[in-house]
Amino acid sequence: MKKLVMLCCASLLAACSHHPASNQASLDGEVFYLQRMALPPAATLSVELQDVSLMDAPAVILARQAGPVKGNVPLPFHLDYDPAQIKPGHRYAVSARIELDGKLLFINTEHHGVQLDGGAPQPVRVKVDPVR
């Protein structure tokens with residue numbers, strides 16, 4: 001009986017951990033800045049893939065990565081998104097920000113549009129500028 005319960009549990013865990021690769025796409029890149037300085041150890045980086053098609057509405061977030069900064073610039077990021085959310089004729093962009101204790105240190109000030117049809121070069125490079 002114990003073996004049957006353990007076998008059932010193992011099968012259930014295996015089924016839950018299976019993610020079909022065809023339902024995910026990814027975008028890789030790096031965030032950088034031109035200032036010659038190191039970031040404080042407690043700094044955090046957040047990067048978002050957004051649908052920016054509508055001019056008078058907030059961007060729709062398709063993917064987000066956030067966490068502590070590890071190492072020096074360039075700071076790598078990896079965004080997994082659902083390709084079923086990509087709509088023909090829509091525009092997509094990557095935004096990035098670096099914060100320290102909730103205070104904004106760096107943010108991208110230029111539009112970083114991306115093509116999600118597989119033809120865009122990767123890694124995507126996103127420049128952030130200091131906030132004064």
# chains A, B, ... in the order shown; residues from 1 in each chain; ligands from 1
call {"tool": "select_by_dssp", "arguments": {"residues": "chain A", "states": "strand (DSSP E or B)", "output": "PyMOL selection string"}}
result
chain A and resi 25-32+44-51+60-68+75-81+92-100+103-107+113-114+124-127+129-130
call {"tool": "closest_residue", "arguments": {"among": "A:Arg91, A:Lys127, A:His111, A:Gly118", "to": "Ser53 of chain A", "atoms": "only C-alpha atoms"}}
result
A:Arg91
call {"tool": "select_by_dssp", "arguments": {"residues": "chain A", "states": "alpha helix (DSSP H)", "output": "list in words"}}
result
Lys2, Lys3, Leu4, Val5, Met6, Leu7, Cys8, Cys9, Ala10, Ser11, Leu12, Leu13, Ala14, Ala15, Cys16 and Ser17 of chain A
call {"tool": "write_last_selection", "arguments": {"atoms": "C-alpha atoms", "output": "mmCIF file, in the first residue's frame"}}
result
data_model
loop_
_atom_site.group_PDB
_atom_site.id
_atom_site.type_symbol
_atom_site.label_atom_id
_atom_site.label_comp_id
_atom_site.auth_asym_id
_atom_site.auth_seq_id
_atom_site.Cartn_x
_atom_site.Cartn_y
_atom_site.Cartn_z
ATOM 1 C CA LYS A 2 2.857 2.385 0.873
ATOM 2 C CA LYS A 3 4.456 1.771 -2.511
ATOM 3 C CA LEU A 4 1.179 2.552 -4.282
ATOM 4 C CA VAL A 5 0.761 5.852 -2.380
ATOM 5 C CA MET A 6 4.367 6.832 -3.093
ATOM 6 C CA LEU A 7 3.984 5.941 -6.762
ATOM 7 C CA CYS A 8 0.819 8.050 -7.012
ATOM 8 C CA CYS A 9 2.537 10.994 -5.291
ATOM 9 C CA ALA A 10 5.548 10.761 -7.589
ATOM 10 C CA SER A 11 3.301 10.661 -10.667
ATOM 11 C CA LEU A 12 1.341 13.662 -9.435
ATOM 12 C CA LEU A 13 4.503 15.674 -8.783
ATOM 13 C CA ALA A 14 5.900 14.821 -12.203
ATOM 14 C CA ALA A 15 2.660 15.898 -13.889
ATOM 15 C CA CYS A 16 2.561 19.186 -11.981
ATOM 16 C CA SER A 17 6.154 20.078 -12.793
#
call {"tool": "residues_around", "arguments": {"residues": "Pro76 of chain A", "least_positions_apart": "4", "cutoff": "7 Å", "atoms": "only C-alpha atoms", "output": "list in words"}}
result
Gly29, Glu30 and Val31 of chain A
call {"tool": "write_last_selection", "arguments": {"atoms": "all heavy atoms", "output": "compact mmCIF listing (two decimals), in the first residue's frame"}}
result
# COMPACT_ATOMS: atom_id res chain seq x y z
N GLY A 29 18.31 39.84 -22.28
CA GLY A 29 18.95 41.12 -22.49
C GLY A 29 19.82 41.52 -21.32
O GLY A 29 20.08 40.72 -20.41
N GLU A 30 20.26 42.77 -21.39
CA GLU A 30 21.08 43.31 -20.33
C GLU A 30 20.78 44.79 -20.14
O GLU A 30 20.45 45.49 -21.10
CB GLU A 30 22.57 43.08 -20.61
CG GLU A 30 23.03 43.62 -21.94
CD GLU A 30 24.43 43.15 -22.32
OE1 GLU A 30 24.84 42.07 -21.88
OE2 GLU A 30 25.10 43.87 -23.07
N VAL A 31 20.88 45.22 -18.90
CA VAL A 31 20.66 46.62 -18.52
C VAL A 31 22.03 47.20 -18.21
O VAL A 31 22.84 46.57 -17.53
CB VAL A 31 19.73 46.72 -17.30
CG1 VAL A 31 19.61 48.14 -16.81
CG2 VAL A 31 18.35 46.14 -17.64
call {"tool": "atom_distance", "arguments": {"atom1": "atom CA of Leu39 of chain A", "atom2": "atom CA of Gly102 of chain A"}}
result
14.4 Å
call {"tool": "residues_around", "arguments": {"residues": "Val94 of chain A", "least_positions_apart": "3", "cutoff": "6 Å", "atoms": "only C-alpha atoms", "output": "number ranges by chain"}}
result
A: 48-49, 112
call {"tool": "write_last_selection", "arguments": {"atoms": "N, CA, C and O atoms", "output": "PDB file, in the first residue's frame"}}
result
ATOM      1  N   GLU A  48      10.581  44.914 -17.301  1.00  0.00           N
ATOM      2  CA  GLU A  48       9.259  44.497 -17.753  1.00  0.00           C
ATOM      3  C   GLU A  48       9.181  44.471 -19.272  1.00  0.00           C
ATOM      4  O   GLU A  48       9.755  45.330 -19.934  1.00  0.00           O
ATOM      5  N   LEU A  49       8.454  43.485 -19.784  1.00  0.00           N
ATOM      6  CA  LEU A  49       8.062  43.440 -21.187  1.00  0.00           C
ATOM      7  C   LEU A  49       6.631  43.944 -21.223  1.00  0.00           C
ATOM      8  O   LEU A  49       5.767  43.415 -20.526  1.00  0.00           O
ATOM      9  N   HIS A 112      12.548  51.473 -25.743  1.00  0.00           N
ATOM     10  CA  HIS A 112      13.285  50.296 -26.186  1.00  0.00           C
ATOM     11  C   HIS A 112      12.300  49.292 -26.776  1.00  0.00           C
ATOM     12  O   HIS A 112      11.922  48.312 -26.136  1.00  0.00           O
TER      13      HIS A 112
END
call {"tool": "closest_residue", "arguments": {"among": "A:Gln122, A:Gln35, A:Thr109, A:Ser46", "to": "Leu75 of chain A", "atoms": "only C-alpha atoms"}}
result
A:Ser46
call {"tool": "decode", "arguments": {"residues": "segment 100-113 of chain A", "atoms": "N, CA, C and O atoms", "output": "mmCIF file, in the first residue's frame"}}
result
data_model
loop_
_atom_site.group_PDB
_atom_site.id
_atom_site.type_symbol
_atom_site.label_atom_id
_atom_site.label_comp_id
_atom_site.auth_asym_id
_atom_site.auth_seq_id
_atom_site.Cartn_x
_atom_site.Cartn_y
_atom_site.Cartn_z
ATOM 1 N N LEU A 100 16.834 51.608 -4.800
ATOM 2 C CA LEU A 100 17.484 51.307 -3.528
ATOM 3 C C LEU A 100 16.523 51.709 -2.428
ATOM 4 O O LEU A 100 16.168 52.893 -2.322
ATOM 5 N N ASP A 101 16.069 50.746 -1.662
ATOM 6 C CA ASP A 101 15.121 50.984 -0.565
ATOM 7 C C ASP A 101 13.900 51.767 -1.036
ATOM 8 O O ASP A 101 13.452 52.710 -0.372
ATOM 9 N N GLY A 102 13.367 51.419 -2.206
ATOM 10 C CA GLY A 102 12.177 52.075 -2.732
ATOM 11 C C GLY A 102 12.431 53.397 -3.430
ATOM 12 O O GLY A 102 11.522 54.002 -3.980
ATOM 13 N N LYS A 103 13.675 53.861 -3.431
ATOM 14 C CA LYS A 103 14.024 55.126 -4.091
ATOM 15 C C LYS A 103 14.609 54.814 -5.467
ATOM 16 O O LYS A 103 15.533 54.007 -5.596
ATOM 17 N N LEU A 104 14.081 55.480 -6.484
ATOM 18 C CA LEU A 104 14.526 55.253 -7.857
ATOM 19 C C LEU A 104 15.906 55.850 -8.072
ATOM 20 O O LEU A 104 16.130 57.034 -7.829
ATOM 21 N N LEU A 105 16.848 55.010 -8.545
ATOM 22 C CA LEU A 105 18.210 55.468 -8.851
ATOM 23 C C LEU A 105 18.418 55.656 -10.350
ATOM 24 O O LEU A 105 19.010 56.641 -10.786
ATOM 25 N N PHE A 106 17.965 54.667 -11.147
ATOM 26 C CA PHE A 106 18.141 54.684 -12.596
ATOM 27 C C PHE A 106 16.838 54.225 -13.243
ATOM 28 O O PHE A 106 16.136 53.370 -12.705
ATOM 29 N N ILE A 107 16.562 54.763 -14.448
ATOM 30 C CA ILE A 107 15.406 54.330 -15.230
ATOM 31 C C ILE A 107 15.723 54.560 -16.703
ATOM 32 O O ILE A 107 16.513 55.445 -17.050
ATOM 33 N N ASN A 108 15.116 53.759 -17.578
ATOM 34 C CA ASN A 108 15.339 54.013 -19.004
ATOM 35 C C ASN A 108 14.518 55.247 -19.407
ATOM 36 O O ASN A 108 13.356 55.374 -19.040
ATOM 37 N N THR A 109 15.157 56.142 -20.124
ATOM 38 C CA THR A 109 14.491 57.375 -20.566
ATOM 39 C C THR A 109 14.200 57.348 -22.063
ATOM 40 O O THR A 109 13.574 58.268 -22.571
ATOM 41 N N GLU A 110 14.661 56.325 -22.733
ATOM 42 C CA GLU A 110 14.404 56.153 -24.158
ATOM 43 C C GLU A 110 13.537 54.916 -24.364
ATOM 44 O O GLU A 110 13.610 53.960 -23.597
ATOM 45 N N HIS A 111 12.735 54.941 -25.413
ATOM 46 C CA HIS A 111 11.884 53.811 -25.762
ATOM 47 C C HIS A 111 12.755 52.671 -26.282
ATOM 48 O O HIS A 111 13.614 52.870 -27.138
ATOM 49 N N HIS A 112 12.548 51.473 -25.743
ATOM 50 C CA HIS A 112 13.285 50.296 -26.186
ATOM 51 C C HIS A 112 12.300 49.292 -26.776
ATOM 52 O O HIS A 112 11.922 48.312 -26.136
ATOM 53 N N GLY A 113 11.877 49.567 -28.004
ATOM 54 C CA GLY A 113 10.943 48.679 -28.688
ATOM 55 C C GLY A 113 11.589 47.360 -29.051
ATOM 56 O O GLY A 113 12.785 47.295 -29.330
#
